[in-house]
$ cat protein_34.cif   # mmCIF, C-alpha atoms
data_input
#
loop_
_atom_site.label_atom_id
_atom_site.label_comp_id
_atom_site.auth_asym_id
_atom_site.auth_seq_id
_atom_site.Cartn_x
_atom_site.Cartn_y
_atom_site.Cartn_z
CA MET B 1 14.13 -57.65 -15.64
CA GLN B 2 14.91 -56.79 -19.25
CA THR B 3 16.90 -53.70 -20.16
CA THR B 4 19.80 -52.82 -22.41
CA THR B 5 21.61 -49.69 -23.47
CA SER B 6 20.21 -48.49 -26.77
CA SER B 7 21.47 -46.23 -29.51
CA THR B 8 17.98 -44.68 -29.65
CA GLY B 9 18.57 -42.71 -26.44
CA GLN B 10 19.31 -42.92 -22.73
CA SER B 11 18.32 -46.22 -21.18
CA ILE B 12 15.31 -46.23 -18.86
CA PRO B 13 15.80 -48.76 -16.05
CA PHE B 14 12.84 -50.59 -14.63
CA PHE B 15 13.79 -49.17 -11.23
CA THR B 16 16.31 -46.75 -9.79
CA GLN B 17 16.32 -44.65 -6.65
CA ALA B 18 19.57 -42.76 -7.25
CA ALA B 19 18.09 -39.25 -7.40
CA THR B 20 15.69 -39.58 -4.49
CA PHE B 21 18.33 -41.31 -2.38
CA GLY B 22 20.61 -38.36 -2.95
CA ALA B 23 17.85 -35.95 -1.92
CA GLU B 24 17.17 -37.99 1.22
CA TRP B 25 20.80 -38.45 2.18
CA GLY B 26 20.88 -35.69 4.80
CA GLY B 27 18.12 -37.30 6.87
CA ILE B 28 19.46 -40.80 6.33
CA ARG B 29 22.95 -39.71 7.39
CA ARG B 30 21.64 -38.31 10.68
CA HIS B 31 19.93 -41.62 11.45
CA LEU B 32 23.08 -43.57 10.52
CA ILE B 33 25.17 -41.45 12.88
CA ASP B 34 22.70 -42.33 15.65
CA VAL B 35 23.30 -46.02 14.89
CA LEU B 36 27.07 -45.63 15.05
CA ASP B 37 26.86 -43.67 18.27
CA ASN B 38 24.59 -46.29 19.87
CA GLY B 39 26.93 -49.12 18.91
CA LYS B 40 24.22 -51.72 18.37
CA PHE B 41 23.79 -52.51 14.71
CA SER B 42 21.02 -55.12 14.74
CA HIS B 43 17.69 -55.06 16.57
CA GLY B 44 18.63 -51.84 18.31
CA ALA B 45 17.26 -48.42 19.17
CA LYS B 46 16.89 -47.32 15.54
CA VAL B 47 14.73 -50.36 14.81
CA ALA B 48 12.54 -49.43 17.78
CA GLU B 49 12.28 -45.87 16.43
CA LEU B 50 11.23 -47.17 13.02
CA GLU B 51 8.57 -49.39 14.58
CA ARG B 52 7.06 -46.42 16.40
CA ALA B 53 7.13 -44.29 13.25
CA LEU B 54 5.40 -47.01 11.22
CA GLU B 55 2.78 -47.48 13.91
CA GLN B 56 1.97 -43.78 13.64
CA TRP B 57 2.02 -43.78 9.82
CA THR B 58 -0.15 -46.88 9.35
CA GLY B 59 -2.33 -46.66 12.45
CA ALA B 60 -1.28 -50.14 13.57
CA ARG B 61 -1.15 -50.73 17.30
CA HIS B 62 1.95 -52.87 16.88
CA VAL B 63 4.70 -53.01 14.26
CA VAL B 64 7.54 -55.52 14.55
CA ALA B 65 10.45 -54.93 12.17
CA VAL B 66 12.20 -58.03 10.79
CA ASN B 67 14.77 -58.84 8.14
CA SER B 68 12.50 -59.41 5.10
CA GLY B 69 8.93 -59.42 3.94
CA THR B 70 9.10 -63.17 3.45
CA ASP B 71 10.21 -63.81 7.02
CA ALA B 72 7.47 -61.43 8.17
CA LEU B 73 4.91 -63.72 6.53
CA VAL B 74 6.42 -66.89 7.99
CA LEU B 75 6.60 -65.41 11.49
CA LEU B 76 3.08 -63.98 11.30
CA LEU B 77 1.60 -67.32 10.22
CA ARG B 78 3.33 -69.06 13.11
CA ALA B 79 2.32 -66.34 15.56
CA VAL B 80 -1.37 -66.60 14.71
CA GLY B 81 -1.37 -70.34 15.30
CA LEU B 82 -0.70 -72.16 12.03
CA ARG B 83 -0.13 -75.85 12.82
CA PRO B 84 1.65 -78.49 10.74
CA GLY B 85 -0.64 -79.63 7.94
CA ASP B 86 -3.11 -76.76 8.26
CA GLU B 87 -4.37 -75.44 4.93
CA VAL B 88 -4.12 -71.78 3.99
CA ILE B 89 -6.05 -70.49 0.98
CA VAL B 90 -3.94 -68.19 -1.21
CA PRO B 91 -4.34 -66.81 -4.74
CA ALA B 92 -2.75 -68.74 -7.59
CA TYR B 93 -1.34 -65.46 -8.93
CA SER B 94 1.27 -63.79 -6.73
CA PHE B 95 4.96 -63.75 -5.91
CA ILE B 96 6.28 -67.12 -4.76
CA ALA B 97 6.71 -65.94 -1.15
CA THR B 98 2.92 -65.90 -0.70
CA ALA B 99 2.75 -69.68 -0.96
CA SER B 100 6.27 -70.63 0.11
CA SER B 101 5.79 -68.80 3.41
CA VAL B 102 2.85 -71.10 4.16
CA ALA B 103 5.00 -74.15 3.48
CA LEU B 104 7.91 -72.74 5.50
CA ALA B 105 5.56 -72.18 8.45
CA GLY B 106 4.46 -75.82 8.26
CA GLY B 107 1.17 -75.35 6.43
CA VAL B 108 -0.18 -76.39 3.04
CA PRO B 109 -1.02 -73.71 0.46
CA VAL B 110 -4.39 -74.24 -1.22
CA PHE B 111 -4.80 -72.18 -4.37
CA ALA B 112 -7.81 -70.23 -5.58
CA ASP B 113 -8.24 -68.34 -8.84
CA ILE B 114 -8.18 -64.56 -9.09
CA GLU B 115 -11.12 -62.27 -9.74
CA ALA B 116 -12.34 -61.39 -13.23
CA GLY B 117 -10.93 -58.03 -14.28
CA GLY B 118 -8.38 -57.84 -11.48
CA HIS B 119 -5.49 -59.62 -9.80
CA GLY B 120 -6.80 -60.24 -6.28
CA ILE B 121 -8.15 -63.52 -5.00
CA ASP B 122 -11.73 -64.25 -6.05
CA PRO B 123 -13.81 -64.63 -2.86
CA ALA B 124 -16.15 -67.11 -4.54
CA ALA B 125 -13.21 -69.27 -5.65
CA ALA B 126 -11.73 -69.04 -2.16
CA ASP B 127 -15.04 -70.09 -0.63
CA ALA B 128 -15.14 -73.15 -2.88
CA ALA B 129 -11.58 -74.11 -1.84
CA VAL B 130 -12.40 -74.46 1.87
CA THR B 131 -12.04 -77.96 3.32
CA ALA B 132 -12.17 -79.46 6.77
CA ARG B 133 -8.42 -78.79 7.09
CA THR B 134 -8.58 -75.11 6.13
CA ARG B 135 -7.47 -72.86 8.96
CA MET B 136 -6.60 -69.55 7.32
CA ILE B 137 -7.17 -67.43 4.26
CA MET B 138 -4.50 -65.03 2.99
CA PRO B 139 -5.43 -62.49 0.32
CA VAL B 140 -2.64 -60.57 -1.43
CA HIS B 141 -2.75 -56.86 -2.21
CA LEU B 142 -1.03 -56.46 -5.55
CA PHE B 143 0.36 -53.61 -7.63
CA ASP B 144 -2.00 -50.68 -6.99
CA ARG B 145 -4.97 -51.84 -4.93
CA THR B 146 -6.11 -54.10 -2.14
CA ALA B 147 -7.87 -57.40 -2.66
CA ASP B 148 -11.63 -57.60 -2.10
CA LEU B 149 -11.33 -57.53 1.68
CA ARG B 150 -15.06 -57.34 2.30
CA GLY B 151 -15.59 -60.46 0.23
CA VAL B 152 -12.63 -62.31 1.73
CA ALA B 153 -13.64 -61.35 5.27
CA GLY B 154 -17.07 -62.79 4.54
CA VAL B 155 -15.49 -66.11 3.56
CA ALA B 156 -13.42 -66.09 6.77
CA ARG B 157 -16.49 -65.42 8.93
CA ARG B 158 -18.63 -68.11 7.28
CA HIS B 159 -16.01 -70.79 7.81
CA GLY B 160 -14.39 -69.61 11.04
CA LEU B 161 -11.03 -68.95 9.36
CA THR B 162 -8.23 -66.67 10.49
CA LEU B 163 -7.70 -63.80 8.04
CA VAL B 164 -4.04 -62.96 7.41
CA GLU B 165 -2.98 -60.43 4.77
CA ASP B 166 -0.01 -60.58 2.45
CA SER B 167 0.24 -56.81 2.32
CA ALA B 168 3.95 -56.78 1.45
CA GLU B 169 3.40 -54.36 -1.47
CA ALA B 170 0.65 -52.36 0.16
CA ILE B 171 2.13 -49.56 2.24
CA GLY B 172 -0.31 -46.65 1.94
CA MET B 173 -3.20 -48.80 0.75
CA ARG B 174 -6.36 -48.63 2.85
CA ALA B 175 -9.75 -50.29 2.87
CA ASP B 176 -12.72 -48.97 4.82
CA GLY B 177 -10.40 -46.56 6.61
CA ALA B 178 -7.92 -49.15 7.89
CA HIS B 179 -4.44 -49.66 6.51
CA ALA B 180 -3.78 -52.86 4.58
CA GLY B 181 -2.73 -55.62 6.97
CA LEU B 182 -5.08 -54.52 9.75
CA HIS B 183 -8.30 -56.22 8.65
CA GLY B 184 -7.70 -59.56 10.35
CA ALA B 185 -5.07 -61.08 12.60
CA GLY B 186 -2.26 -59.15 10.95
CA GLY B 187 -0.35 -58.31 7.80
CA VAL B 188 3.16 -57.58 6.60
CA LEU B 189 5.27 -55.01 4.79
CA SER B 190 8.28 -55.58 2.57
CA PHE B 191 11.04 -53.00 2.30
CA PHE B 192 12.80 -54.58 -0.68
CA PRO B 193 14.58 -51.69 -2.44
CA ALA B 194 12.04 -51.35 -5.27
CA LYS B 195 9.06 -51.15 -2.92
CA THR B 196 7.17 -47.90 -2.37
CA LEU B 197 9.17 -47.56 0.87
CA GLY B 198 12.40 -49.35 0.09
CA ALA B 199 15.58 -50.02 2.04
CA ILE B 200 19.06 -50.49 0.54
CA GLY B 201 18.77 -54.21 1.21
CA ASP B 202 16.13 -56.54 2.56
CA GLY B 203 13.76 -55.66 5.37
CA GLY B 204 10.19 -56.28 6.43
CA ALA B 205 7.66 -55.80 9.20
CA VAL B 206 4.61 -57.39 10.75
CA LEU B 207 1.57 -55.16 11.36
CA THR B 208 -1.10 -56.17 13.84
CA ASP B 209 -3.56 -54.74 16.34
CA ASP B 210 -3.21 -57.87 18.50
CA GLY B 211 -0.65 -57.53 21.28
CA ALA B 212 -0.27 -61.28 21.73
CA VAL B 213 0.52 -61.75 18.03
CA ALA B 214 3.09 -58.95 18.16
CA GLU B 215 4.76 -60.45 21.23
CA ALA B 216 4.94 -63.87 19.58
CA VAL B 217 6.56 -62.36 16.47
CA ARG B 218 9.07 -60.51 18.66
CA MET B 219 10.14 -63.77 20.27
CA LEU B 220 10.16 -65.76 17.05
CA CYS B 221 12.35 -63.26 15.20
CA HIS B 222 15.02 -63.38 17.94
CA HIS B 223 15.52 -67.14 18.31
CA GLY B 224 12.37 -67.49 20.40
CA ARG B 225 13.81 -65.63 23.37
CA GLY B 226 11.42 -64.25 25.95
CA GLY B 227 11.57 -60.93 27.72
CA ARG B 228 13.00 -57.74 26.32
CA THR B 229 15.35 -58.22 23.38
CA LEU B 230 15.03 -55.03 21.31
CA ASP B 231 18.10 -52.81 21.91
CA ASP B 232 19.17 -55.00 24.81
CA PHE B 233 22.64 -56.55 24.74
CA PRO B 234 22.07 -58.87 27.75
CA ALA B 235 19.12 -60.53 25.94
CA ILE B 236 21.49 -63.27 24.79
CA SER B 237 20.93 -64.85 28.22
CA ASN B 238 17.11 -64.72 28.05
CA PRO B 239 15.37 -68.11 28.13
CA THR B 240 14.22 -69.55 24.81
CA VAL B 241 10.43 -69.82 24.98
CA LEU B 242 9.70 -70.84 21.38
CA PRO B 243 11.76 -72.44 18.62
CA GLY B 244 12.48 -69.25 16.69
CA ARG B 245 14.94 -68.01 14.10
CA ASN B 246 17.25 -65.09 13.44
CA SER B 247 15.02 -62.60 11.61
CA LYS B 248 16.07 -59.36 13.27
CA MET B 249 16.20 -56.12 11.29
CA ASP B 250 19.55 -54.35 10.95
CA ASP B 251 19.67 -50.82 12.32
CA VAL B 252 21.32 -49.59 9.11
CA GLN B 253 18.19 -50.54 7.18
CA ALA B 254 16.00 -48.94 9.85
CA ALA B 255 18.03 -45.73 9.52
CA VAL B 256 17.54 -45.67 5.75
CA LEU B 257 13.83 -46.35 6.07
CA LEU B 258 13.35 -43.61 8.65
CA GLY B 259 15.12 -41.14 6.38
CA LYS B 260 12.92 -42.11 3.44
CA LEU B 261 9.69 -42.26 5.44
CA ALA B 262 9.70 -38.46 5.67
CA ARG B 263 8.90 -38.19 1.97
CA LEU B 264 6.74 -41.27 1.54
CA ASP B 265 3.55 -39.25 0.99
CA ALA B 266 5.27 -37.22 -1.73
CA ASP B 267 6.60 -40.40 -3.36
CA ILE B 268 3.13 -41.94 -3.40
CA ALA B 269 1.75 -38.78 -4.99
CA ARG B 270 4.47 -38.83 -7.66
CA ARG B 271 3.73 -42.46 -8.44
CA ALA B 272 0.07 -41.52 -8.88
CA GLU B 273 0.99 -38.75 -11.34
CA LEU B 274 3.07 -41.11 -13.43
CA ALA B 275 0.38 -43.80 -13.40
CA ALA B 276 -2.22 -41.28 -14.58
CA ARG B 277 0.15 -40.23 -17.37
CA TYR B 278 0.56 -43.84 -18.49
CA ASP B 279 -3.20 -44.44 -18.27
CA ALA B 280 -3.95 -41.48 -20.53
CA ARG B 281 -1.36 -42.48 -23.13
CA LEU B 282 -1.92 -46.23 -23.21
CA ARG B 283 -5.64 -46.86 -22.69
CA ASP B 284 -6.47 -46.55 -26.40
CA VAL B 285 -3.37 -48.23 -27.82
CA PRO B 286 -4.38 -51.31 -29.85
CA GLY B 287 -2.74 -54.33 -28.24
CA VAL B 288 -2.84 -52.95 -24.72
CA ARG B 289 -5.80 -54.84 -23.33
CA ARG B 290 -6.15 -53.04 -20.04
CA VAL B 291 -4.53 -50.22 -18.10
CA PRO B 292 -4.72 -50.19 -14.30
CA GLY B 293 -6.59 -46.89 -14.06
CA ASP B 294 -9.58 -48.34 -15.91
CA VAL B 295 -10.11 -51.06 -13.28
CA PRO B 296 -12.30 -49.69 -10.48
CA PRO B 297 -11.02 -50.34 -6.96
CA HIS B 298 -13.11 -52.36 -4.57
CA PRO B 299 -15.69 -50.45 -2.50
CA GLY B 300 -14.14 -48.56 0.39
CA THR B 301 -10.65 -48.59 -1.15
CA GLY B 302 -8.43 -46.30 -3.20
CA ARG B 303 -5.46 -46.62 -5.52
CA VAL B 304 -1.86 -46.48 -4.32
CA VAL B 305 0.52 -47.45 -7.11
CA TYR B 306 3.50 -49.67 -6.38
CA VAL B 307 3.74 -51.38 -9.79
CA TYR B 308 2.26 -50.12 -13.05
CA LEU B 309 1.05 -53.30 -14.74
CA VAL B 310 -0.56 -53.56 -18.17
CA GLU B 311 -1.94 -56.64 -19.85
CA ALA B 312 -0.78 -56.75 -23.42
CA ASP B 313 -0.97 -58.84 -26.58
CA GLU B 314 2.33 -60.43 -27.61
CA ARG B 315 3.70 -59.58 -24.19
CA ASP B 316 7.06 -61.29 -24.59
CA ALA B 317 7.70 -59.69 -27.99
CA LEU B 318 6.74 -56.30 -26.58
CA ALA B 319 9.16 -56.77 -23.66
CA ALA B 320 11.94 -57.71 -26.08
CA HIS B 321 11.16 -54.66 -28.25
CA LEU B 322 11.37 -52.37 -25.23
CA ALA B 323 14.57 -53.99 -23.97
CA ALA B 324 16.22 -53.50 -27.36
CA ARG B 325 15.43 -49.80 -27.04
CA GLY B 326 16.79 -49.47 -23.54
CA VAL B 327 13.51 -49.69 -21.62
CA GLY B 328 13.46 -52.01 -18.62
CA THR B 329 10.37 -54.06 -17.87
CA GLU B 330 9.42 -56.86 -15.50
CA VAL B 331 7.08 -59.82 -15.92
CA TYR B 332 4.71 -60.18 -12.96
CA TYR B 333 4.61 -63.20 -12.87
CA PRO B 334 5.99 -65.61 -15.48
CA ARG B 335 4.44 -68.70 -13.88
CA PRO B 336 1.39 -69.07 -11.61
CA LEU B 337 1.96 -70.49 -8.15
CA HIS B 338 0.16 -73.78 -8.74
CA LEU B 339 2.54 -74.58 -11.62
CA GLN B 340 5.77 -73.77 -9.77
CA PRO B 341 8.04 -76.84 -9.59
CA CYS B 342 8.23 -76.66 -5.78
CA PHE B 343 4.47 -77.30 -5.61
CA ALA B 344 4.35 -80.10 -8.17
CA HIS B 345 3.48 -82.53 -5.36
CA LEU B 346 0.12 -80.81 -4.99
CA GLY B 347 -0.88 -82.24 -8.37
CA HIS B 348 -2.09 -79.17 -10.24
CA ARG B 349 -2.12 -78.89 -14.02
CA THR B 350 -2.40 -76.19 -16.63
CA GLY B 351 -6.02 -75.06 -16.81
CA ASP B 352 -6.80 -75.47 -13.12
CA PHE B 353 -6.85 -71.69 -12.50
CA PRO B 354 -7.42 -70.07 -15.90
CA ARG B 355 -7.59 -66.44 -14.80
CA ALA B 356 -4.28 -66.67 -12.99
CA GLU B 357 -2.70 -68.39 -15.97
CA ALA B 358 -4.04 -65.76 -18.37
CA ALA B 359 -2.61 -62.97 -16.21
CA CYS B 360 0.80 -64.63 -16.18
CA ALA B 361 0.76 -64.78 -19.97
CA ALA B 362 -0.16 -61.12 -20.53
CA ALA B 363 1.06 -58.99 -17.60
CA LEU B 364 3.99 -56.61 -18.06
CA ALA B 365 5.19 -54.00 -15.58
CA LEU B 366 6.55 -50.71 -16.91
CA PRO B 367 9.05 -48.37 -15.24
CA LEU B 368 7.39 -46.41 -12.42
CA TYR B 369 9.18 -44.78 -9.49
CA PRO B 370 9.60 -41.22 -8.16
CA ASP B 371 12.88 -40.72 -10.06
CA LEU B 372 11.22 -41.36 -13.44
CA PRO B 373 10.96 -38.12 -15.47
CA ASP B 374 7.76 -37.40 -17.40
CA ALA B 375 9.77 -37.45 -20.62
CA HIS B 376 10.94 -41.00 -19.92
CA ALA B 377 7.38 -42.17 -19.24
CA ASP B 378 6.36 -40.59 -22.53
CA ARG B 379 9.17 -42.37 -24.34
CA VAL B 380 8.03 -45.71 -22.90
CA CYS B 381 4.57 -45.00 -24.32
CA ASP B 382 6.05 -43.96 -27.68
CA GLU B 383 7.90 -47.25 -27.92
CA ILE B 384 4.78 -49.27 -27.05
CA GLU B 385 2.78 -47.40 -29.69
CA ALA B 386 5.55 -48.00 -32.22
CA PHE B 387 5.63 -51.70 -31.46
CA TYR B 388 1.93 -52.23 -32.08
CA ALA B 389 1.89 -49.92 -35.09
CA GLY B 390 4.38 -52.27 -36.71
CA ARG B 391 2.38 -55.43 -35.99
CA ARG B 392 -0.67 -56.90 -37.58
CA THR B 393 -3.96 -56.22 -35.83
CA PRO B 394 -3.79 -58.07 -32.51
CA ARG B 395 -6.15 -60.95 -31.98
#

$ encode --input "protein_34.cif" --output "structure tokens"
Amino acid sequence: MQTTTSSTGQSIPFFTQAATFGAEWGGIRRHLIDVLDNGKFSHGAKVAELERALEQWTGARHVVAVNSGTDALVLLLRAVGLRPGDEVIVPAYSFIATASSVALAGGVPVFADIEAGGHGIDPAAADAAVTARTRMIMPVHLFDRTADLRGVAGVARRHGLTLVEDSAEAIGMRADGAHAGLHGAGGVLSFFPAKTLGAIGDGGAVLTDDGAVAEAVRMLCHHGRGGRTLDDFPAISNPTVLPGRNSKMDDVQAAVLLGKLARLDADIARRAELAARYDARLRDVPGVRRVPGDVPPHPGTGRVVYVYLVEADERDALAAHLAARGVGTEVYYPRPLHLQPCFAHLGHRTGDFPRAEAACAAALALPLYPDLPDAHADRVCDEIEAFYAGRRTPR
């Protein structure tokens, strides 16, 4: 993230939740007192309360809270039956956890390019990537919309694949009436602080309508122990049924999330207002190739904005210009997954997935969060206009 303090005015961080956290403190404090009174600070009653609240909010039959979005992906992949050496098709453009979770669960990530005009996996490219070893397909819902779930589900049906969703960014996103993460075997949520629903540390959850998947995740996140473990001190003596890990959610994070969940709808609405403001100011700026609001969502879906991402000429110079003027930005993502050093053994080269590579070269995320004042959003736009006004006509 690039940001500095500038003499041109107050700095605008890429993300802050100071104001909204202050407004939410009363509700958060009440939940924290419950945790202290209960005396169990991990995998306790407040975690169970959060799971029930998220089930109601998302419509999922089962929510299992864990310690991060990444662990949620690893546990979900194991719970739905990923075996060592199984291939999982994932987009070449995403955060590293999309592909690393497959490797951590024992599988092999197989990359497919993203769709033209968007950032989700291209169903046609995914279809072409299927081999005899392919067992699953995992679309990612990025920034402000779901992937083409109808297209991806069609690929899964044709080839008999398990559909798993990396819906870490997608709280509030729906497709054909169902919340993201509930269109196949399951999905996940991340509660990283900058997320639409963010904790004050790491946290995550698995969403599923399959009771057997939920039960497997519950065991896996608590060292593979069977029987009741949530809010149960004696569970230390339960037999170990599966080789699991310690991925339990802390009750302090659950308390914070419960306090913030009460205003999640309002936060989503505020994000939408800011995104519309950016769209209106930036869509005709020379050098800004595309604003998110001009990309139609897939049929049966809507727009819920987590990250406001533009594609821009001279992206790195623009980011440096904004940083020098106190505006924080973030590059999503500087390197496509197939060119990450940890996947060098898969043998990919530059040019293998051109749409993903082009997105990595042009994408820049601007400040967008409920605390952001309209005047700060306008100043971000002013600085972008000033940058391109001072350049030669972009290519």

$ residues_around --input "protein_34.cif" --residues "Lys46 in chain B" --least-positions-apart "3" --cutoff "8 Å" --atoms "all atoms listed in the file" --output "number ranges by chain"
B: 31, 34-35, 43, 49-50, 251, 254-255

$ write_last_selection --input "protein_34.cif" --atoms "C-alpha atoms" --output "tab-separated table (two decimals), keeping the file's coordinate frame"
chain	number	residue	atom	x	y	z
B	31	HIS	CA	19.93	-41.62	11.45
B	34	ASP	CA	22.70	-42.33	15.65
B	35	VAL	CA	23.30	-46.02	14.89
B	43	HIS	CA	17.69	-55.06	16.57
B	49	GLU	CA	12.28	-45.87	16.43
B	50	LEU	CA	11.23	-47.17	13.02
B	251	ASP	CA	19.67	-50.82	12.32
B	254	ALA	CA	16.00	-48.94	9.85
B	255	ALA	CA	18.03	-45.73	9.52

$ closest_residue --input "protein_34.cif" --among "B:Gln17, B:Gln10, B:Gly117, B:Arg174" --to "Gly59 in chain B" --atoms "all atoms listed in the file"
B:Arg174

$ residues_near_point --input "protein_34.cif" --point "(8.9, -63.5, 30.7)" --cutoff "9 Å" --atoms "all atoms listed in the file" --output "list in words"
Gly226, Gly227, Arg228, Asn238, Pro239 and Val241 of chain B

$ residues_around --input "protein_34.cif" --residues "range 374-377 of chain B" --least-positions-apart "5" --cutoff "10 Å" --atoms "only C-alpha atoms" --output "list in words"
Gln10, Ser11, Ile12, Pro13, Glu273, Leu274, Ala275, Arg277, Tyr278, Arg281, Val327, Leu366, Pro367, Leu368 and Asp382 of chain B

$ residues_around --input "protein_34.cif" --residues "range 63-66 of chain B" --least-positions-apart "2" --cutoff "6 Å" --atoms "all atoms listed in the file" --output "list in words"
Glu51, Glu55, Ser68, Gly204, Ala205, Val206, Leu207, Ser247, Lys248 and Met249 of chain B

$ resolve_selection --input "protein_34.cif" --expression "the PyMOL selection byres ((chain B and resi 187) around 12)" --output "number ranges by chain"
B: 58, 60, 62-64, 69-77, 79-80, 98, 137-141, 162-171, 178-186, 188-190, 204-210, 213-214, 217

$ residues_around --input "protein_34.cif" --residues "Arg83 in chain B" --least-positions-apart "5" --cutoff "10 Å" --atoms "all atoms listed in the file" --output "ChimeraX atom specification"
/B:77-78,105-108,135

$ atom_distance --input "protein_34.cif" --atom1 "CA of Ile89 in chain B" --atom2 "CA of Gly224 in chain B"
26.9 Å

$ atom_distance --input "protein_34.cif" --atom1 "CA of Asp267 in chain B" --atom2 "CA of Gln56 in chain B"
17.9 Å

$ atom_distance --input "protein_34.cif" --atom1 "CA of Ala132 in chain B" --atom2 "CA of Ala216 in chain B"
26.5 Å

$ resolve_selection --input "protein_34.cif" --expression "the PyMOL selection byres ((chain B and resi 90) around 12)" --output "ChimeraX atom specification"
/B:87-89,91-103,107-114,120-123,125-127,129-130,134-141,147,152,163-166,336-338,356

$ closest_residue --input "protein_34.cif" --among "B:Tyr388, B:Phe143, B:Phe14, B:Phe21" --to "Ala312 in chain B" --atoms "all atoms listed in the file"
B:Tyr388

$ closest_residue --input "protein_34.cif" --among "B:Leu36, B:Val47, B:Ala359, B:Leu54" --to "Ala262 in chain B" --atoms "all atoms listed in the file"
B:Leu54

$ residues_around --input "protein_34.cif" --residues "range 333-335 of chain B" --least-positions-apart "4" --cutoff "12 Å" --atoms "only C-alpha atoms" --output "JSON list (two decimals) with C-alpha atoms, keeping the file's coordinate frame"
[["chain", "number", "residue", "atom", "x", "y", "z"],
["B", 1, "MET", "CA", 14.13, -57.65, -15.64],
["B", 92, "ALA", "CA", -2.75, -68.74, -7.59],
["B", 93, "TYR", "CA", -1.34, -65.46, -8.93],
["B", 94, "SER", "CA", 1.27, -63.79, -6.73],
["B", 95, "PHE", "CA", 4.96, -63.75, -5.91],
["B", 96, "ILE", "CA", 6.28, -67.12, -4.76],
["B", 119, "HIS", "CA", -5.49, -59.62, -9.80],
["B", 142, "LEU", "CA", -1.03, -56.46, -5.55],
["B", 143, "PHE", "CA", 0.36, -53.61, -7.63],
["B", 309, "LEU", "CA", 1.05, -53.30, -14.74],
["B", 311, "GLU", "CA", -1.94, -56.64, -19.85],
["B", 315, "ARG", "CA", 3.70, -59.58, -24.19],
["B", 316, "ASP", "CA", 7.06, -61.29, -24.59],
["B", 329, "THR", "CA", 10.37, -54.06, -17.87],
["B", 339, "LEU", "CA", 2.54, -74.58, -11.62],
["B", 340, "GLN", "CA", 5.77, -73.77, -9.77],
["B", 341, "PRO", "CA", 8.04, -76.84, -9.59],
["B", 342, "CYS", "CA", 8.23, -76.66, -5.78],
["B", 343, "PHE", "CA", 4.47, -77.30, -5.61],
["B", 350, "THR", "CA", -2.40, -76.19, -16.63],
["B", 353, "PHE", "CA", -6.85, -71.69, -12.50],
["B", 356, "ALA", "CA", -4.28, -66.67, -12.99],
["B", 357, "GLU", "CA", -2.70, -68.39, -15.97],
["B", 358, "ALA", "CA", -4.04, -65.76, -18.37],
["B", 359, "ALA", "CA", -2.61, -62.97, -16.21],
["B", 360, "CYS", "CA", 0.80, -64.63, -16.18],
["B", 361, "ALA", "CA", 0.76, -64.78, -19.97],
["B", 362, "ALA", "CA", -0.16, -61.12, -20.53],
["B", 363, "ALA", "CA", 1.06, -58.99, -17.60],
["B", 364, "LEU", "CA", 3.99, -56.61, -18.06],
["B", 365, "ALA", "CA", 5.19, -54.00, -15.58]]

$ resolve_selection --input "protein_34.cif" --expression "the PyMOL selection byres ((chain B and resi 246) around 9)" --output "mmCIF file with C-alpha atoms, keeping the file's coordinate frame"
data_model
loop_
_atom_site.group_PDB
_atom_site.id
_atom_site.type_symbol
_atom_site.label_atom_id
_atom_site.label_comp_id
_atom_site.auth_asym_id
_atom_site.auth_seq_id
_atom_site.Cartn_x
_atom_site.Cartn_y
_atom_site.Cartn_z
ATOM 1 C CA ASN B 67 14.770 -58.840 8.140
ATOM 2 C CA LEU B 220 10.160 -65.760 17.050
ATOM 3 C CA CYS B 221 12.350 -63.260 15.200
ATOM 4 C CA HIS B 222 15.020 -63.380 17.940
ATOM 5 C CA HIS B 223 15.520 -67.140 18.310
ATOM 6 C CA GLY B 224 12.370 -67.490 20.400
ATOM 7 C CA GLY B 244 12.480 -69.250 16.690
ATOM 8 C CA ARG B 245 14.940 -68.010 14.100
ATOM 9 C CA SER B 247 15.020 -62.600 11.610
ATOM 10 C CA LYS B 248 16.070 -59.360 13.270
#

$ closest_residue --input "protein_34.cif" --among "B:His348, B:Arg263, B:Arg270, B:Arg290" --to "Leu197 in chain B" --atoms "all atoms listed in the file"
B:Arg263

$ closest_residue --input "protein_34.cif" --among "B:Gly351, B:Ser42, B:Phe15, B:Thr20" --to "Asp232 in chain B" --atoms "only C-alpha atoms"
B:Ser42
